[in-house]
Each structure stands twice: as C-alpha cells, then as structure tokens.
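Undergrad: If you scroll down you'll find the structure; I have some questions about it.
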Amino acid sequence: MTQQQVVGTKTKNIYFMGDAIACRRFINDNSISKTVGKGKSEKKRSEFGFKEALRIV
C-alpha cells in the first residue's frame, strides 16, 4: 500500500500520514457537531473541524 498524506491547501501543513482509507477516516472523524435551535426544534449539525481545506496527496 502506498503512503498518503493529508495536506492543508493554504499552509501546506501535513496533518496525517497513512493509507488512503485511513486519511479519509481522519478527515471524517475530525468533524465538529454543533446543536442549533432550542427545545423541539433542536438539531445537530456537523461542521468541518479544520480552518482550511484539506486534500489527500
């Protein structure tokens, strides 16, 4: 298996190294869930956990 990297598009920081499946799992597991609304209309919303866009190289 080839070694892949999760890299930030703006800063070129390397956030994670591993195979392609592990890189996708890293990005998906680092999402932030926030609650929106109050009472019965309360819903959970998932947001991206990083300040910049990431890509797998």
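Within each chain, counting starts at residue 1; across the structure tokens, chains are named A, B, ... in the order shown, with ligands numbered 1 upward in that order.
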Quick check for you: according to DSSP on this backbone, which residues of segment 9-44 of chain A are classed as helix (DSSP H, G or I)? Reply as a PyMOL selection string.

TA: chain A and resi 20-29+39-41

Undergrad: Any idea what's packed within 6 Å of segment 53-56 of chain A, counting only C-alpha atoms, ignoring anything in its chain fewer than 4 positions away? Could you give it as a list of chain:residue names?

TA: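 In the requested form, the answer reads A:Gln5, A:Val6, A:Val7, A:Gly8, A:Thr9.
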
Undergrad: Could you please determine the separation between atom CA of Gly49 of chain A and atom CA of Gln4 of chain A in Å, to one decimal place?

TA: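 For atom CA of Gly49 of chain A relative to atom CA of Gln4 of chain A, the distance reads 19.9 Å.
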
Undergrad: Which value, in Å to one decimal, gives the distance between atom CA of Gln3 of chain A and atom CA of Ser46 of chain A?

TA: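 Between atom CA of Gln3 of chain A and atom CA of Ser46 of chain A the gap is 28.3 Å.
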
Undergrad: Kindly indicate which residue among A:Lys38, A:Val57, A:Glu47, A:Ser33 lies nearest to Asn13 of chain A, using only C-alpha atoms for the distances.

TA: A:Val57

Undergrad: Could you please determine the separation between atom CA of Gly18 of chain A and atom CA of Ile32 of chain A in Å, to one decimal place?

TA: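 These atoms are spaced 22.1 Å apart.
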